[in-house]
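Just work-v7.cif here, mmCIF, C-alpha atoms:
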data_entry
loop_
_atom_site.group_PDB
_atom_site.id
_atom_site.type_symbol
_atom_site.label_atom_id
_atom_site.label_comp_id
_atom_site.auth_asym_id
_atom_site.auth_seq_id
_atom_site.Cartn_x
_atom_site.Cartn_y
_atom_site.Cartn_z
ATOM 1 C CA MET A 5 -22.026 -3.246 -14.208
ATOM 2 C CA ASN A 6 -20.681 -4.601 -17.418
ATOM 3 C CA GLU A 7 -20.997 -1.834 -19.977
ATOM 4 C CA LEU A 8 -21.649 -4.183 -22.874
ATOM 5 C CA SER A 9 -24.252 -6.498 -21.407
ATOM 6 C CA GLY A 10 -25.546 -4.411 -18.511
ATOM 7 C CA ALA A 11 -24.907 -7.332 -16.101
ATOM 8 C CA ASN A 12 -22.852 -7.269 -12.948
ATOM 9 C CA GLN A 13 -19.516 -8.976 -13.647
ATOM 10 C CA PHE A 14 -19.500 -10.600 -10.184
ATOM 11 C CA GLN A 15 -23.063 -11.886 -10.364
ATOM 12 C CA GLY A 16 -23.260 -15.521 -9.310
ATOM 13 C CA ASN A 17 -19.790 -15.520 -7.725
ATOM 14 C CA PRO A 18 -20.150 -16.267 -3.984
ATOM 15 C CA ASP A 19 -16.773 -14.666 -3.286
ATOM 16 C CA PHE A 20 -18.164 -11.281 -4.286
ATOM 17 C CA ALA A 21 -21.762 -11.789 -3.227
ATOM 18 C CA SER A 22 -23.379 -8.654 -1.927
ATOM 19 C CA SER A 23 -26.381 -8.462 0.334
ATOM 20 C CA GLY A 24 -28.096 -5.719 2.255
ATOM 21 C CA GLU A 25 -26.676 -7.005 5.577
ATOM 22 C CA GLY A 26 -23.236 -5.435 5.192
ATOM 23 C CA HIS A 27 -21.621 -8.678 4.052
ATOM 24 C CA GLY A 28 -20.476 -7.303 0.717
ATOM 25 C CA MET A 29 -17.080 -8.951 0.948
ATOM 26 C CA GLY A 30 -18.633 -12.356 0.386
ATOM 27 C CA VAL A 31 -18.383 -15.833 1.806
ATOM 28 C CA THR A 32 -14.595 -16.190 1.677
ATOM 29 C CA PHE A 33 -14.070 -13.026 3.728
ATOM 30 C CA GLY A 34 -15.754 -14.665 6.716
ATOM 31 C CA LYS A 35 -13.696 -17.833 6.244
ATOM 32 C CA THR A 36 -10.518 -15.787 5.978
ATOM 33 C CA LEU A 37 -11.361 -13.946 9.190
ATOM 34 C CA GLY A 38 -11.822 -17.307 10.913
ATOM 35 C CA ASP A 39 -8.422 -18.455 9.644
ATOM 36 C CA MET A 40 -6.859 -15.160 10.754
ATOM 37 C CA LYS A 41 -8.324 -15.582 14.223
ATOM 38 C CA PHE A 42 -6.922 -19.128 14.411
ATOM 39 C CA MET A 43 -3.449 -17.966 13.353
ATOM 40 C CA GLY A 44 -3.542 -15.135 15.900
ATOM 41 C CA VAL A 45 -4.340 -17.561 18.709
ATOM 42 C CA VAL A 46 -1.649 -19.998 17.510
ATOM 43 C CA GLY A 47 0.868 -17.147 17.425
ATOM 44 C CA MET A 48 -0.112 -16.164 20.947
ATOM 45 C CA VAL A 49 0.330 -19.742 22.228
ATOM 46 C CA TYR A 50 3.672 -20.047 20.395
ATOM 47 C CA GLY A 51 4.881 -16.789 21.924
ATOM 48 C CA ILE A 52 3.870 -17.916 25.415
ATOM 49 C CA LEU A 53 5.625 -21.272 24.988
ATOM 50 C CA THR A 54 8.715 -19.515 23.640
ATOM 51 C CA CYS A 55 8.811 -17.317 26.759
ATOM 52 C CA LEU A 56 9.334 -20.360 28.982
ATOM 53 C CA SER A 57 13.086 -19.975 28.489
ATOM 54 C CA VAL A 58 15.078 -16.833 29.248
ATOM 55 C CA VAL A 59 16.621 -16.653 25.772
ATOM 56 C CA GLY A 60 13.273 -17.493 24.190
ATOM 57 C CA ALA A 61 11.668 -14.525 25.928
ATOM 58 C CA ILE A 62 13.702 -12.263 23.625
ATOM 59 C CA MET A 63 11.655 -13.641 20.748
ATOM 60 C CA GLY A 64 8.485 -14.626 22.592
ATOM 61 C CA VAL A 65 7.440 -11.222 23.905
ATOM 62 C CA PRO A 66 7.419 -9.527 20.468
ATOM 63 C CA ILE A 67 5.548 -12.506 19.029
ATOM 64 C CA ILE A 68 2.886 -12.158 21.735
ATOM 65 C CA ILE A 69 2.563 -8.424 21.037
ATOM 66 C CA ALA A 70 2.355 -9.003 17.262
ATOM 67 C CA SER A 71 -0.256 -11.747 17.719
ATOM 68 C CA ASN A 72 -2.309 -9.467 19.944
ATOM 69 C CA ARG A 73 -2.223 -6.735 17.273
ATOM 70 C CA PHE A 74 -3.144 -9.337 14.665
ATOM 71 C CA LEU A 75 -6.199 -10.375 16.690
ATOM 72 C CA GLU A 76 -7.144 -6.698 17.113
ATOM 73 C CA SER A 77 -7.077 -6.285 13.344
ATOM 74 C CA VAL A 78 -9.403 -9.282 13.007
ATOM 75 C CA LYS A 79 -11.884 -7.610 15.375
ATOM 76 C CA ILE A 80 -11.737 -4.401 13.354
ATOM 77 C CA PHE A 81 -12.201 -6.350 10.086
ATOM 78 C CA GLU A 82 -15.292 -7.961 11.626
ATOM 79 C CA GLN A 83 -16.581 -4.471 12.476
ATOM 80 C CA TYR A 84 -15.957 -3.450 8.873
ATOM 81 C CA ARG A 85 -17.809 -6.512 7.630
ATOM 82 C CA LEU A 86 -20.881 -5.401 9.564
ATOM 83 C CA SER A 87 -20.635 -1.649 8.967
ATOM 84 C CA ASN A 88 -18.978 -1.310 5.526
ATOM 85 C CA ARG A 89 -17.320 1.896 6.786
ATOM 86 C CA PRO A 90 -14.045 2.691 4.979
ATOM 87 C CA GLU A 91 -12.579 4.010 8.249
ATOM 88 C CA ASP A 92 -12.887 0.541 9.792
ATOM 89 C CA MET A 93 -11.086 -1.069 6.868
ATOM 90 C CA ALA A 94 -8.294 1.525 6.981
ATOM 91 C CA SER A 95 -7.917 1.016 10.733
ATOM 92 C CA ALA A 96 -7.839 -2.773 10.317
ATOM 93 C CA PHE A 97 -5.118 -2.608 7.683
ATOM 94 C CA GLN A 98 -3.135 -0.169 9.816
ATOM 95 C CA GLU A 99 -3.243 -2.559 12.783
ATOM 96 C CA LEU A 100 -2.423 -5.514 10.531
ATOM 97 C CA GLY A 101 0.553 -3.602 9.128
ATOM 98 C CA ARG A 102 1.848 -2.879 12.633
ATOM 99 C CA SER A 103 1.640 -6.597 13.406
ATOM 100 C CA PHE A 104 3.520 -7.553 10.238
ATOM 101 C CA ARG A 105 6.240 -4.939 10.848
ATOM 102 C CA LEU A 106 6.875 -6.372 14.302
ATOM 103 C CA LEU A 107 6.936 -9.934 12.953
ATOM 104 C CA LYS A 108 9.370 -8.832 10.232
ATOM 105 C CA ILE A 109 11.741 -7.535 12.909
ATOM 106 C CA VAL A 110 11.391 -10.785 14.862
ATOM 107 C CA VAL A 111 12.212 -12.834 11.757
ATOM 108 C CA MET A 112 15.297 -10.713 11.010
ATOM 109 C CA ILE A 113 16.536 -11.069 14.596
ATOM 110 C CA THR A 114 15.895 -14.831 14.496
ATOM 111 C CA LEU A 115 17.822 -15.192 11.235
ATOM 112 C CA GLY A 116 20.690 -13.146 12.662
ATOM 113 C CA MET A 117 20.818 -15.238 15.823
ATOM 114 C CA THR A 118 20.751 -18.436 13.735
ATOM 115 C CA VAL A 119 23.674 -17.258 11.594
ATOM 116 C CA LEU A 120 25.623 -16.312 14.724
ATOM 117 C CA TYR A 121 24.870 -19.743 16.205
ATOM 118 C CA PHE A 122 26.229 -21.552 13.136
ATOM 119 C CA VAL A 123 29.298 -19.300 12.973
ATOM 120 C CA GLY A 124 29.931 -19.999 16.653
ATOM 121 C CA MET A 125 29.544 -23.730 16.167
ATOM 122 C CA ILE A 126 31.989 -23.738 13.251
ATOM 123 C CA LEU A 127 34.435 -21.521 15.152
ATOM 124 C CA PHE A 128 34.353 -23.574 18.351
ATOM 125 C CA GLY A 129 34.458 -26.815 16.382
ATOM 126 C CA GLY A 130 37.548 -25.605 14.560
ATOM 127 C CA ILE A 131 39.194 -24.532 17.798
ATOM 128 C CA ALA A 132 38.421 -27.909 19.383
ATOM 129 C CA MET A 133 39.847 -29.718 16.358
ATOM 130 C CA LEU A 134 43.032 -27.590 16.416
ATOM 131 C CA SER A 135 43.505 -28.152 20.141
ATOM 132 C CA SER A 136 43.181 -31.916 19.696
ATOM 133 C CA LEU A 137 45.775 -31.826 16.889
ATOM 134 C CA ALA A 138 48.169 -29.743 18.970
ATOM 135 C CA GLY A 139 47.814 -32.020 21.979
ATOM 136 C CA GLY A 140 48.325 -35.220 20.012
#
What does this structure look like when you write it as structure tokens?
Amino acid sequence: MNELSGANQFQGNPDFASSGEGHGMGVTFGKTLGDMKFMGVVGMVYGILTCLSVVGAIMGVPIIIASNRFLESVKIFEQYRLSNRPEDMASAFQELGRSFRLLKIVVMITLGMTVLYFVGMILFGGIAMLSSLAGG
């Protein structure tokens, strides 16, 4: 409640609409959950496609695990949306955090492998250029 006017500061804002059905997070929370579910499925498909190569499996398996945890957090958020229990929200954020930690590790490994790839390409390119100069 707004102390000066006595009105709710979120009144009329659909993002913060509250009803007696446990949907206190509003309209955008449901849309966000739908987007989260889509991204979890896309991550799962990407991880599966990445696993089609032996080297890709190094990155694909953690992506599949992280996507699975991400989808689990969506389910728990949907439970929270219906129940409004703080335990559900805490559990959802915990699962979401586990997913993001795993994805952070995957990104760091990918960046490291990319740097090593470019260093290798420069090194082998330089060696090839030196060998062609020495042979000529």
I'd like the interatomic distance between atom CA of Met43 of chain A and atom CA of Val78 of chain A, to a tenth of an Å.
10.5 Å
I'd like to know which of A:Arg85, A:Val110, A:Ser135, A:Leu120 is closest to Gly60 of chain A, using all atoms listed in the file.
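Closest to Gly60 of chain A, using all atoms listed in the file: A:Val110.
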Quick one: distance from atom CA of Leu56 of chain A to atom CA of Ile113 of chain A in Å, one decimal?
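So the two atoms, atom CA of Leu56 of chain A and atom CA of Ile113 of chain A, lie 18.6 Å apart.
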For the file shown, report as a VMD selection string the outcome of the PyMOL selection byres ((chain A and resi 79) around 12) at residue level.
chain A and resid 34 37 to 38 40 to 41 44 72 to 78 80 to 86 92 to 93 95 to 97 99 to 100
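In this comparison, which uses all atoms listed in the file, the residue of A:Met125, A:Met117, A:Met133, A:Ala70 approaching Gly47 of chain A most closely is A:Ala70.
We find atom CA of Leu106 of chain A and atom CA of Thr32 of chain A to be spaced 26.8 Å apart.
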Output chain A from the block with C-alpha atoms, as a PDB file, in the first residue's frame?
ATOM      1  CA  MET A   5       0.000   0.000   0.000  1.00  0.00           C
ATOM      2  CA  ASN A   6       1.153   3.475  -0.738  1.00  0.00           C
ATOM      3  CA  GLU A   7       1.377   5.269   2.584  1.00  0.00           C
ATOM      4  CA  LEU A   8       0.384   8.637   1.169  1.00  0.00           C
ATOM      5  CA  SER A   9      -2.612   7.723  -0.945  1.00  0.00           C
ATOM      6  CA  GLY A  10      -3.581   4.373   0.558  1.00  0.00           C
ATOM      7  CA  ALA A  11      -3.510   2.769  -2.930  1.00  0.00           C
ATOM      8  CA  ASN A  12      -1.541  -0.254  -4.002  1.00  0.00           C
ATOM      9  CA  GLN A  13       1.460   0.921  -6.038  1.00  0.00           C
ATOM     10  CA  PHE A  14       1.122  -2.037  -8.440  1.00  0.00           C
ATOM     11  CA  GLN A  15      -2.607  -1.631  -9.003  1.00  0.00           C
ATOM     12  CA  GLY A  16      -3.456  -1.765 -12.694  1.00  0.00           C
ATOM     13  CA  ASN A  17      -0.071  -3.220 -13.686  1.00  0.00           C
ATOM     14  CA  PRO A  18      -0.633  -6.671 -15.254  1.00  0.00           C
ATOM     15  CA  ASP A  19       2.957  -7.661 -14.486  1.00  0.00           C
ATOM     16  CA  PHE A  20       2.198  -7.555 -10.770  1.00  0.00           C
ATOM     17  CA  ALA A  21      -1.454  -8.541 -10.889  1.00  0.00           C
ATOM     18  CA  SER A  22      -2.526 -10.608  -7.937  1.00  0.00           C
ATOM     19  CA  SER A  23      -5.493 -12.917  -7.787  1.00  0.00           C
ATOM     20  CA  GLY A  24      -6.742 -15.491  -5.344  1.00  0.00           C
ATOM     21  CA  GLU A  25      -5.636 -18.362  -7.634  1.00  0.00           C
ATOM     22  CA  GLY A  26      -1.968 -18.293  -6.641  1.00  0.00           C
ATOM     23  CA  HIS A  27      -0.921 -16.356  -9.735  1.00  0.00           C
ATOM     24  CA  GLY A  28       0.514 -13.433  -7.803  1.00  0.00           C
ATOM     25  CA  MET A  29       3.565 -13.174 -10.023  1.00  0.00           C
ATOM     26  CA  GLY A  30       1.454 -11.830 -12.862  1.00  0.00           C
ATOM     27  CA  VAL A  31       1.065 -12.348 -16.569  1.00  0.00           C
ATOM     28  CA  THR A  32       4.735 -12.046 -17.538  1.00  0.00           C
ATOM     29  CA  PHE A  33       5.762 -14.798 -15.115  1.00  0.00           C
ATOM     30  CA  GLY A  34       3.757 -17.331 -17.119  1.00  0.00           C
ATOM     31  CA  LYS A  35       5.240 -16.048 -20.383  1.00  0.00           C
ATOM     32  CA  THR A  36       8.731 -16.218 -18.919  1.00  0.00           C
ATOM     33  CA  LEU A  37       8.157 -19.802 -17.806  1.00  0.00           C
ATOM     34  CA  GLY A  38       7.082 -20.659 -21.353  1.00  0.00           C
ATOM     35  CA  ASP A  39      10.255 -19.067 -22.728  1.00  0.00           C
ATOM     36  CA  MET A  40      12.345 -20.914 -20.131  1.00  0.00           C
ATOM     37  CA  LYS A  41      10.759 -24.207 -21.130  1.00  0.00           C
ATOM     38  CA  PHE A  42      11.517 -23.487 -24.802  1.00  0.00           C
ATOM     39  CA  MET A  43      15.160 -22.666 -24.038  1.00  0.00           C
ATOM     40  CA  GLY A  44      15.510 -25.830 -21.948  1.00  0.00           C
ATOM     41  CA  VAL A  45      14.245 -27.976 -24.813  1.00  0.00           C
ATOM     42  CA  VAL A  46      16.493 -26.154 -27.310  1.00  0.00           C
ATOM     43  CA  GLY A  47      19.470 -26.712 -25.009  1.00  0.00           C
ATOM     44  CA  MET A  48      18.605 -30.389 -24.766  1.00  0.00           C
ATOM     45  CA  VAL A  49      18.390 -30.742 -28.569  1.00  0.00           C
ATOM     46  CA  TYR A  50      21.664 -28.813 -28.992  1.00  0.00           C
ATOM     47  CA  GLY A  51      23.392 -31.066 -26.471  1.00  0.00           C
ATOM     48  CA  ILE A  52      22.128 -34.196 -28.227  1.00  0.00           C
ATOM     49  CA  LEU A  53      23.280 -32.918 -31.627  1.00  0.00           C
ATOM     50  CA  THR A  54      26.655 -31.970 -30.158  1.00  0.00           C
ATOM     51  CA  CYS A  55      27.070 -35.530 -28.846  1.00  0.00           C
ATOM     52  CA  LEU A  56      27.009 -36.925 -32.384  1.00  0.00           C
ATOM     53  CA  SER A  57      30.780 -36.454 -32.550  1.00  0.00           C
ATOM     54  CA  VAL A  58      33.273 -37.914 -30.086  1.00  0.00           C
ATOM     55  CA  VAL A  59      34.895 -34.553 -29.329  1.00  0.00           C
ATOM     56  CA  GLY A  60      31.484 -32.892 -29.159  1.00  0.00           C
ATOM     57  CA  ALA A  61      30.386 -35.342 -26.477  1.00  0.00           C
ATOM     58  CA  ILE A  62      32.830 -33.617 -24.108  1.00  0.00           C
ATOM     59  CA  MET A  63      30.633 -30.539 -24.359  1.00  0.00           C
ATOM     60  CA  GLY A  64      27.303 -32.159 -25.200  1.00  0.00           C
ATOM     61  CA  VAL A  65      26.841 -34.291 -22.094  1.00  0.00           C
ATOM     62  CA  PRO A  66      27.187 -31.376 -19.630  1.00  0.00           C
ATOM     63  CA  ILE A  67      24.855 -29.295 -21.791  1.00  0.00           C
ATOM     64  CA  ILE A  68      22.239 -32.065 -21.661  1.00  0.00           C
ATOM     65  CA  ILE A  69      22.587 -32.312 -17.872  1.00  0.00           C
ATOM     66  CA  ALA A  70      22.358 -28.516 -17.461  1.00  0.00           C
ATOM     67  CA  SER A  71      19.299 -28.348 -19.736  1.00  0.00           C
ATOM     68  CA  ASN A  72      17.631 -31.111 -17.751  1.00  0.00           C
ATOM     69  CA  ARG A  73      18.247 -29.191 -14.505  1.00  0.00           C
ATOM     70  CA  PHE A  74      16.939 -26.046 -16.185  1.00  0.00           C
ATOM     71  CA  LEU A  75      13.709 -27.826 -17.140  1.00  0.00           C
ATOM     72  CA  GLU A  76      13.411 -29.160 -13.573  1.00  0.00           C
ATOM     73  CA  SER A  77      13.626 -25.607 -12.265  1.00  0.00           C
ATOM     74  CA  VAL A  78      10.820 -24.599 -14.636  1.00  0.00           C
ATOM     75  CA  LYS A  79       8.621 -27.363 -13.191  1.00  0.00           C
ATOM     76  CA  ILE A  80       9.367 -26.188  -9.661  1.00  0.00           C
ATOM     77  CA  PHE A  81       8.637 -22.554 -10.636  1.00  0.00           C
ATOM     78  CA  GLU A  82       5.281 -23.723 -12.012  1.00  0.00           C
ATOM     79  CA  GLN A  83       4.603 -25.434  -8.668  1.00  0.00           C
ATOM     80  CA  TYR A  84       5.469 -22.177  -6.918  1.00  0.00           C
ATOM     81  CA  ARG A  85       3.137 -20.265  -9.211  1.00  0.00           C
ATOM     82  CA  LEU A  86       0.268 -22.484  -8.092  1.00  0.00           C
ATOM     83  CA  SER A  87       1.176 -22.820  -4.410  1.00  0.00           C
ATOM     84  CA  ASN A  88       2.937 -19.529  -3.531  1.00  0.00           C
ATOM     85  CA  ARG A  89       5.103 -21.498  -1.071  1.00  0.00           C
ATOM     86  CA  PRO A  90       8.502 -19.865  -0.439  1.00  0.00           C
ATOM     87  CA  GLU A  91      10.109 -23.323  -0.239  1.00  0.00           C
ATOM     88  CA  ASP A  92       9.170 -23.975  -3.873  1.00  0.00           C
ATOM     89  CA  MET A  93      10.721 -20.703  -5.003  1.00  0.00           C
ATOM     90  CA  ALA A  94      13.920 -21.384  -3.043  1.00  0.00           C
ATOM     91  CA  SER A  95      14.126 -24.887  -4.516  1.00  0.00           C
ATOM     92  CA  ALA A  96      13.550 -23.553  -8.041  1.00  0.00           C
ATOM     93  CA  PHE A  97      16.311 -20.977  -7.710  1.00  0.00           C
ATOM     94  CA  GLN A  98      18.646 -23.596  -6.253  1.00  0.00           C
ATOM     95  CA  GLU A  99      18.062 -25.887  -9.242  1.00  0.00           C
ATOM     96  CA  LEU A 100      18.399 -22.961 -11.649  1.00  0.00           C
ATOM     97  CA  GLY A 101      21.691 -22.000 -10.000  1.00  0.00           C
ATOM     98  CA  ARG A 102      23.020 -25.544 -10.396  1.00  0.00           C
ATOM     99  CA  SER A 103      22.152 -25.386 -14.095  1.00  0.00           C
ATOM    100  CA  PHE A 104      23.901 -22.038 -14.556  1.00  0.00           C
ATOM    101  CA  ARG A 105      27.022 -23.206 -12.686  1.00  0.00           C
ATOM    102  CA  LEU A 106      27.327 -26.187 -15.012  1.00  0.00           C
ATOM    103  CA  LEU A 107      26.793 -24.004 -18.089  1.00  0.00           C
ATOM    104  CA  LYS A 108      29.437 -21.581 -16.793  1.00  0.00           C
ATOM    105  CA  ILE A 109      31.942 -24.437 -16.626  1.00  0.00           C
ATOM    106  CA  VAL A 110      30.991 -25.541 -20.145  1.00  0.00           C
ATOM    107  CA  VAL A 111      31.505 -22.011 -21.478  1.00  0.00           C
ATOM    108  CA  MET A 112      34.928 -21.734 -19.810  1.00  0.00           C
ATOM    109  CA  ILE A 113      36.012 -25.093 -21.244  1.00  0.00           C
ATOM    110  CA  THR A 114      34.727 -24.089 -24.696  1.00  0.00           C
ATOM    111  CA  LEU A 115      36.627 -20.794 -24.575  1.00  0.00           C
ATOM    112  CA  GLY A 116      39.778 -22.612 -23.474  1.00  0.00           C
ATOM    113  CA  MET A 117      39.475 -25.160 -26.268  1.00  0.00           C
ATOM    114  CA  THR A 118      38.894 -22.353 -28.793  1.00  0.00           C
ATOM    115  CA  VAL A 119      42.020 -20.499 -27.652  1.00  0.00           C
ATOM    116  CA  LEU A 120      44.041 -23.718 -27.858  1.00  0.00           C
ATOM    117  CA  TYR A 121      42.671 -24.330 -31.362  1.00  0.00           C
ATOM    118  CA  PHE A 122      43.755 -20.880 -32.571  1.00  0.00           C
ATOM    119  CA  VAL A 123      47.173 -21.202 -30.917  1.00  0.00           C
ATOM    120  CA  GLY A 124      47.600 -24.582 -32.598  1.00  0.00           C
ATOM    121  CA  MET A 125      46.577 -23.206 -35.968  1.00  0.00           C
ATOM    122  CA  ILE A 126      49.042 -20.320 -35.686  1.00  0.00           C
ATOM    123  CA  LEU A 127      51.798 -22.649 -34.464  1.00  0.00           C
ATOM    124  CA  PHE A 128      51.295 -25.247 -37.193  1.00  0.00           C
ATOM    125  CA  GLY A 129      50.872 -22.541 -39.819  1.00  0.00           C
ATOM    126  CA  GLY A 130      54.162 -21.000 -38.756  1.00  0.00           C
ATOM    127  CA  ILE A 131      55.904 -24.363 -38.814  1.00  0.00           C
ATOM    128  CA  ALA A 132      54.522 -25.089 -42.289  1.00  0.00           C
ATOM    129  CA  MET A 133      55.672 -21.680 -43.519  1.00  0.00           C
ATOM    130  CA  LEU A 134      59.178 -22.184 -42.059  1.00  0.00           C
ATOM    131  CA  SER A 135      59.469 -25.645 -43.592  1.00  0.00           C
ATOM    132  CA  SER A 136      58.502 -24.298 -47.015  1.00  0.00           C
ATOM    133  CA  LEU A 137      61.129 -21.539 -46.692  1.00  0.00           C
ATOM    134  CA  ALA A 138      63.807 -24.010 -45.633  1.00  0.00           C
ATOM    135  CA  GLY A 139      62.999 -26.376 -48.482  1.00  0.00           C
ATOM    136  CA  GLY A 140      62.983 -23.673 -51.139  1.00  0.00           C
TER     137      GLY A 140
END
